[in-house]
Amino acid sequence: MAPIRVAACLLVVIVMLGAGAQADEPAPSKTQEPKPLTPEPQAPQIAEEPPEPAEDVNTNPRSGEAPLTALAGWNAALVMDNGGTGVWTVKSYQVFEHLGAPEVVGLDDKGRCHVLMSYSGTWAPISVLHDGGWLGGLTHGDVDPRVEGKELYTGSRRGNIFQVRAYDQTLVDGRLIATIEGREIHTLVSGDLDPRTAGPELIAFTRPGGVFRITATGKDGGFEVTKLADIKGRVRDALVLPGTPRTQARIACVSRRGTLRLLQITKQGLLWETVHGTSMGRGRVTRKPARAGEATVLYTTLDDGRIMRHEESPKGWRHETIYLGPQGPRGVAAGRFDADPAVETVAVFGYSKRVELLTRTAEGWKAETIFEDPAKGHWLCVGEVDGRNATQELFACGFGGRIVQLMRPPGYGREEAASAR
Ligand SMILES: [Ca+2]
Ligand SMILES: [Ca+2]
């Protein structure tokens, strides 16, 4: 693996966007709007110094598993330390089709995209792009038929949208595919979302509020950008609810305006359905893992610390507040985190610096802290990189510049096997 990693590190493709783009400090907003009231993504804070680790504990995830202290029966390990530069978004995708384990992708405050490969506890990063300001939106999809398989797409504070392509040589590179002048790219989703165009597209949500379609239809391998609408409020997170042969896919959007809305792009135009609205900004959305025959369930975060659960039924949506948590949730991830697959669980992270697991019990929802970070959190996602437990893993990132993996110990939910516990 070592020679591959060396080769991988050599391929740091820097997209040059002019001298101004290389500044390390966040660029001034071109929108002339006041600074966002929520500090997302803004200048990073330096993490408080962690306690000195014991001498025999590895702290470098490039050379081996780098354990961290976790709580409540969980384990934790460092995936990446970005030297104090905030990491605003983390998601897990199968970036390399020739590698069994999925990768982890982080976006940072200097406009860099980090693709991290796991290998028996080590995490090897390949870093691409350098937009100068933060990168925000992130999606993985087969948007470009000219490139085999799926591609990564990310967007920046400066309005730039990039394609990041993976190769079987275990390399990635990136290129600028579009610029939307005067708009920050906060959220990206991909899929066959617009029936007015053939094949899949990227949909970008911007600040000031707008919806744009980006298709791989430009000349010379380029892309084309079409503005679909101006909207009120910044969409801070979105996910695609796949369609059926009879129905168009829906995009679940949460907004600074406080809404959870579903967007359908139809031949007649954009159709918005408000699922829930409240007088509080809404920041993140996740979906309960889909099971055949089960209703769609979404969870959303409100900036004052409430976590809401929304369940769809033929009669409409039912809403339930499941957690009155600390101010500033900035991450929510639903998944299987309990040994019993029937138990409903969802994890949250944010300005409290704590990752908390919410579990539905016969007596109602209970919360327990499973990890405490030295710095404020900004994103949380689910992944599967450890088959020794029966549960999914979590990845957390934020202002301290670290990406942390949280996992149940070997043998958790897998009592049939001897385990290394
Ligand atoms: Ca493709
Ligand atoms: Ca697992």
# chains A, B, ... in the order shown; residues from 1 in each chain; ligands from 1
>>> residues_near_ligand(ligand="ligand 2", cutoff="7 Å", atoms="only C-alpha atoms and all ligand atoms", output="list in words")
Glu384, Val385, Asp386, Gly387, Arg388, Asn389, Ala390, Thr391, Gln392, Glu393 and Met407 of chain A
>>> residues_around(residues="A:Gly159", least_positions_apart="5", cutoff="10 Å", atoms="only C-alpha atoms", output="PyMOL selection string")
chain A and resi 30+131+133+135+178-186+206-207
>>> closest_atom_pairs(of="chain A", to="ligand 1", cutoff="7 Å", atoms="only C-alpha atoms and all ligand atoms", output="JSON lines")
{"residue": "A:Asp142", "atom": "CA", "partner": "ligand 1", "partner_atom_place_in_ligand_line": "1 (Ca)", "distance": 4.0}
{"residue": "A:Val143", "atom": "CA", "partner": "ligand 1", "partner_atom_place_in_ligand_line": "1 (Ca)", "distance": 5.5}
{"residue": "A:Asp144", "atom": "CA", "partner": "ligand 1", "partner_atom_place_in_ligand_line": "1 (Ca)", "distance": 4.2}
{"residue": "A:Pro145", "atom": "CA", "partner": "ligand 1", "partner_atom_place_in_ligand_line": "1 (Ca)", "distance": 4.3}
{"residue": "A:Arg146", "atom": "CA", "partner": "ligand 1", "partner_atom_place_in_ligand_line": "1 (Ca)", "distance": 6.0}
{"residue": "A:Val147", "atom": "CA", "partner": "ligand 1", "partner_atom_place_in_ligand_line": "1 (Ca)", "distance": 4.2}
{"residue": "A:Glu148", "atom": "CA", "partner": "ligand 1", "partner_atom_place_in_ligand_line": "1 (Ca)", "distance": 4.6}
{"residue": "A:Gly149", "atom": "CA", "partner": "ligand 1", "partner_atom_place_in_ligand_line": "1 (Ca)", "distance": 4.3}
{"residue": "A:Lys150", "atom": "CA", "partner": "ligand 1", "partner_atom_place_in_ligand_line": "1 (Ca)", "distance": 4.7}
{"residue": "A:Glu151", "atom": "CA", "partner": "ligand 1", "partner_atom_place_in_ligand_line": "1 (Ca)", "distance": 6.1}
>>> write_last_selection(atoms="N, CA and C atoms", output="PDB file, in the first residue's frame")
ATOM      1  N   ASP A 142     -23.460   9.798 -10.665  1.00  0.00           N
ATOM      2  CA  ASP A 142     -23.046   9.624 -12.055  1.00  0.00           C
ATOM      3  C   ASP A 142     -23.707  10.719 -12.887  1.00  0.00           C
ATOM      4  N   VAL A 143     -23.195  11.920 -12.731  1.00  0.00           N
ATOM      5  CA  VAL A 143     -23.760  13.076 -13.427  1.00  0.00           C
ATOM      6  C   VAL A 143     -23.146  13.234 -14.807  1.00  0.00           C
ATOM      7  N   ASP A 144     -21.892  12.784 -14.941  1.00  0.00           N
ATOM      8  CA  ASP A 144     -21.151  12.992 -16.187  1.00  0.00           C
ATOM      9  C   ASP A 144     -20.976  11.664 -16.917  1.00  0.00           C
ATOM     10  N   PRO A 145     -21.735  11.426 -17.990  1.00  0.00           N
ATOM     11  CA  PRO A 145     -21.624  10.140 -18.698  1.00  0.00           C
ATOM     12  C   PRO A 145     -20.293   9.991 -19.422  1.00  0.00           C
ATOM     13  N   ARG A 146     -19.548  11.082 -19.525  1.00  0.00           N
ATOM     14  CA  ARG A 146     -18.253  11.017 -20.207  1.00  0.00           C
ATOM     15  C   ARG A 146     -17.168  10.458 -19.291  1.00  0.00           C
ATOM     16  N   VAL A 147     -17.504  10.327 -17.992  1.00  0.00           N
ATOM     17  CA  VAL A 147     -16.590   9.767 -17.000  1.00  0.00           C
ATOM     18  C   VAL A 147     -17.219   8.482 -16.483  1.00  0.00           C
ATOM     19  N   GLU A 148     -16.451   7.385 -16.486  1.00  0.00           N
ATOM     20  CA  GLU A 148     -17.001   6.110 -16.037  1.00  0.00           C
ATOM     21  C   GLU A 148     -17.368   6.173 -14.560  1.00  0.00           C
ATOM     22  N   GLY A 149     -18.540   5.670 -14.230  1.00  0.00           N
ATOM     23  CA  GLY A 149     -18.950   5.596 -12.825  1.00  0.00           C
ATOM     24  C   GLY A 149     -19.380   6.938 -12.271  1.00  0.00           C
ATOM     25  N   LYS A 150     -19.318   7.010 -10.944  1.00  0.00           N
ATOM     26  CA  LYS A 150     -19.777   8.221 -10.255  1.00  0.00           C
ATOM     27  C   LYS A 150     -18.629   9.204 -10.053  1.00  0.00           C
ATOM     28  N   GLU A 151     -19.017  10.458  -9.914  1.00  0.00           N
ATOM     29  CA  GLU A 151     -18.046  11.503  -9.630  1.00  0.00           C
ATOM     30  C   GLU A 151     -18.462  12.233  -8.353  1.00  0.00           C
TER      31      GLU A 151
END
>>> atom_distance(atom1="atom CA of A:Glu356", atom2="atom CA of A:Ala333")
10.5 Å
>>> residues_around(residues="A:Arg306", least_positions_apart="5", cutoff="7 Å", atoms="only C-alpha atoms", output="PDB file with N, CA and C atoms, in the first residue's frame")
ATOM      1  N   THR A 301     -32.786  19.258  12.326  1.00  0.00           N
ATOM      2  CA  THR A 301     -32.266  19.999  13.473  1.00  0.00           C
ATOM      3  C   THR A 301     -32.742  21.435  13.407  1.00  0.00           C
ATOM      4  N   THR A 321     -41.299  16.242  18.240  1.00  0.00           N
ATOM      5  CA  THR A 321     -40.012  16.732  18.741  1.00  0.00           C
ATOM      6  C   THR A 321     -39.427  15.644  19.620  1.00  0.00           C
ATOM      7  N   TYR A 323     -36.020  15.601  20.794  1.00  0.00           N
ATOM      8  CA  TYR A 323     -34.915  15.981  21.680  1.00  0.00           C
ATOM      9  C   TYR A 323     -34.911  17.482  21.855  1.00  0.00           C
ATOM     10  N   LEU A 324     -34.820  17.892  23.120  1.00  0.00           N
ATOM     11  CA  LEU A 324     -34.633  19.299  23.454  1.00  0.00           C
ATOM     12  C   LEU A 324     -33.174  19.425  23.877  1.00  0.00           C
ATOM     13  N   GLY A 325     -32.314  19.502  22.916  1.00  0.00           N
ATOM     14  CA  GLY A 325     -30.876  19.371  23.164  1.00  0.00           C
ATOM     15  C   GLY A 325     -30.181  20.711  23.294  1.00  0.00           C
TER      16      GLY A 325
END
>>> atom_distance(atom1="atom CA of A:Thr85", atom2="atom CA of A:Arg402")
8.4 Å
>>> closest_residue(among="A:Gly100, A:Pro125, A:Gly328, A:Gly221", to="A:Asn82", atoms="only C-alpha atoms")
A:Pro125
>>> residues_around(residues="A:Met308", least_positions_apart="2", cutoff="12 Å", atoms="only C-alpha atoms", output="PyMOL selection string")
chain A and resi 254+259-260+275-278+282-287+297-306+310-311+318-325+329+332+346+348+358+365
>>> residues_around(residues="stretch 92-99 of chain A", least_positions_apart="6", cutoff="8 Å", atoms="only C-alpha atoms", output="list in words")
Val105, His140, Lys150, Glu151, Leu152, Ala166, Tyr167, Asp168, Thr170, Cys381, Val382 and Gly383 of chain A
>>> write_last_selection(atoms="N, CA and C atoms", output="PDB file, in the first residue's frame")
ATOM      1  N   VAL A 105     -15.013  11.596   2.806  1.00  0.00           N
ATOM      2  CA  VAL A 105     -14.657  12.825   2.104  1.00  0.00           C
ATOM      3  C   VAL A 105     -14.929  14.010   3.032  1.00  0.00           C
ATOM      4  N   HIS A 140     -22.238  12.853  -4.565  1.00  0.00           N
ATOM      5  CA  HIS A 140     -21.547  11.795  -5.310  1.00  0.00           C
ATOM      6  C   HIS A 140     -22.568  11.154  -6.225  1.00  0.00           C
ATOM      7  N   LYS A 150     -19.318   7.010 -10.944  1.00  0.00           N
ATOM      8  CA  LYS A 150     -19.777   8.221 -10.255  1.00  0.00           C
ATOM      9  C   LYS A 150     -18.629   9.204 -10.053  1.00  0.00           C
ATOM     10  N   GLU A 151     -19.017  10.458  -9.914  1.00  0.00           N
ATOM     11  CA  GLU A 151     -18.046  11.503  -9.630  1.00  0.00           C
ATOM     12  C   GLU A 151     -18.462  12.233  -8.353  1.00  0.00           C
ATOM     13  N   LEU A 152     -17.482  12.870  -7.731  1.00  0.00           N
ATOM     14  CA  LEU A 152     -17.773  13.767  -6.616  1.00  0.00           C
ATOM     15  C   LEU A 152     -17.956  15.174  -7.158  1.00  0.00           C
ATOM     16  N   ALA A 166     -12.337   9.994  -9.600  1.00  0.00           N
ATOM     17  CA  ALA A 166     -11.486   8.945  -9.025  1.00  0.00           C
ATOM     18  C   ALA A 166     -11.009   8.005 -10.129  1.00  0.00           C
ATOM     19  N   TYR A 167      -9.800   7.495  -9.973  1.00  0.00           N
ATOM     20  CA  TYR A 167      -9.198   6.603 -10.961  1.00  0.00           C
ATOM     21  C   TYR A 167      -8.788   5.286 -10.304  1.00  0.00           C
ATOM     22  N   ASP A 168      -8.707   4.237 -11.121  1.00  0.00           N
ATOM     23  CA  ASP A 168      -8.313   2.929 -10.611  1.00  0.00           C
ATOM     24  C   ASP A 168      -6.862   2.901 -10.129  1.00  0.00           C
ATOM     25  N   THR A 170      -5.907   4.564  -7.917  1.00  0.00           N
ATOM     26  CA  THR A 170      -6.094   5.106  -6.571  1.00  0.00           C
ATOM     27  C   THR A 170      -5.610   6.557  -6.508  1.00  0.00           C
ATOM     28  N   CYS A 381     -22.001  12.293   9.828  1.00  0.00           N
ATOM     29  CA  CYS A 381     -22.564  11.403   8.814  1.00  0.00           C
ATOM     30  C   CYS A 381     -22.386   9.957   9.239  1.00  0.00           C
ATOM     31  N   VAL A 382     -23.082   9.098   8.556  1.00  0.00           N
ATOM     32  CA  VAL A 382     -23.017   7.668   8.838  1.00  0.00           C
ATOM     33  C   VAL A 382     -22.152   6.995   7.773  1.00  0.00           C
ATOM     34  N   GLY A 383     -21.528   5.886   8.139  1.00  0.00           N
ATOM     35  CA  GLY A 383     -20.730   5.124   7.178  1.00  0.00           C
ATOM     36  C   GLY A 383     -20.613   3.688   7.653  1.00  0.00           C
TER      37      GLY A 383
END
>>> residues_around(residues="A:Lys267", least_positions_apart="2", cutoff="12 Å", atoms="only C-alpha atoms", output="PyMOL selection string")
chain A and resi 193-197+248+264-265+269-271
>>> select_by_dssp(residues="stretch 43-197 of chain A", states="strand (DSSP E)", output="short mmCIF file (atom, residue, chain, number, x, y, z; two decimals) with C-alpha atoms, in the first residue's frame")
data_model
loop_
_atom_site.label_atom_id
_atom_site.label_comp_id
_atom_site.auth_asym_id
_atom_site.auth_seq_id
_atom_site.Cartn_x
_atom_site.Cartn_y
_atom_site.Cartn_z
CA PRO A 67 -7.67 5.75 19.15
CA LEU A 68 -9.47 8.56 20.96
CA ASN A 75 -14.86 3.48 20.48
CA ALA A 76 -13.37 6.45 18.62
CA ALA A 77 -10.43 6.99 16.31
CA LEU A 78 -8.87 9.94 14.53
CA VAL A 79 -9.37 9.92 10.75
CA MET A 80 -7.70 13.24 9.92
CA ASP A 81 -6.18 16.19 11.75
CA VAL A 87 -13.60 20.83 8.28
CA TRP A 88 -17.19 21.78 7.52
CA THR A 89 -18.63 18.76 5.79
CA VAL A 90 -17.93 15.03 6.03
CA LYS A 91 -19.66 12.28 4.06
CA SER A 92 -18.87 8.66 3.23
CA TYR A 93 -19.07 7.37 -0.33
CA GLU A 103 -14.04 6.31 1.58
CA VAL A 104 -14.61 9.38 3.72
CA VAL A 105 -14.66 12.82 2.10
CA GLY A 106 -14.06 16.05 4.04
CA LEU A 107 -14.33 19.68 2.88
CA ASP A 108 -12.36 22.38 4.63
CA CYS A 113 -11.38 18.40 -0.62
CA HIS A 114 -9.86 15.47 1.28
CA VAL A 115 -10.58 11.92 0.13
CA LEU A 116 -9.60 9.49 2.89
CA MET A 117 -9.02 5.77 2.32
CA SER A 118 -9.18 3.28 5.15
CA TYR A 119 -6.82 0.32 5.42
CA THR A 122 -5.09 3.63 8.93
CA TRP A 123 -6.51 6.55 6.97
CA ALA A 124 -4.58 7.79 3.94
CA PRO A 125 -5.66 11.18 2.60
CA ILE A 126 -5.54 12.52 -0.92
CA SER A 127 -6.23 16.25 -0.99
CA VAL A 128 -7.40 18.10 -4.08
CA LEU A 135 -16.13 24.37 0.29
CA GLY A 136 -19.75 23.60 1.21
CA GLY A 137 -21.99 21.38 -0.87
CA LEU A 138 -20.94 17.79 -1.53
CA THR A 139 -22.55 15.02 -3.57
CA HIS A 140 -21.55 11.80 -5.31
CA GLY A 141 -23.33 10.69 -8.44
CA GLU A 151 -18.05 11.50 -9.63
CA LEU A 152 -17.77 13.77 -6.62
CA TYR A 153 -19.03 17.33 -6.87
CA THR A 154 -18.43 20.18 -4.47
CA GLY A 155 -19.12 23.90 -4.40
CA SER A 156 -17.54 26.89 -2.73
CA ASN A 160 -17.31 27.71 -7.96
CA ILE A 161 -18.44 24.15 -8.59
CA PHE A 162 -15.87 21.37 -9.02
CA GLN A 163 -15.88 17.81 -10.30
CA VAL A 164 -13.58 15.41 -8.46
CA ARG A 165 -12.86 12.22 -10.38
CA ALA A 166 -11.49 8.94 -9.02
CA TYR A 167 -9.20 6.60 -10.96
CA LEU A 171 -5.76 8.72 -7.57
CA VAL A 172 -8.21 11.59 -7.70
CA ASP A 173 -8.11 14.92 -9.48
CA GLY A 174 -10.42 17.87 -9.67
CA ARG A 175 -11.50 20.50 -12.14
CA LEU A 176 -13.65 23.60 -12.19
CA ILE A 177 -16.89 22.95 -14.08
CA ALA A 178 -18.99 26.04 -13.35
CA THR A 179 -19.05 29.39 -11.59
CA GLU A 184 -22.25 30.91 -2.41
CA ILE A 185 -22.75 27.19 -3.10
CA HIS A 186 -24.12 25.75 0.14
CA THR A 187 -25.82 22.54 -0.91
CA LEU A 188 -25.53 20.13 -3.85
CA VAL A 189 -27.58 17.06 -4.72
CA SER A 190 -27.40 14.82 -7.78
CA GLY A 191 -29.62 12.42 -9.67
#
>>> atom_distance(atom1="atom CA of A:Thr359", atom2="atom CA of A:Ala347")
8.7 Å
>>> closest_residue(among="A:Ala204, A:Leu71, A:Val57, A:Leu129", to="A:Leu357", atoms="only C-alpha atoms")
A:Leu71
>>> residues_around(residues="A:Phe223", least_positions_apart="4", cutoff="7 Å", atoms="only C-alpha atoms", output="PyMOL selection string")
chain A and resi 177-178+214-218
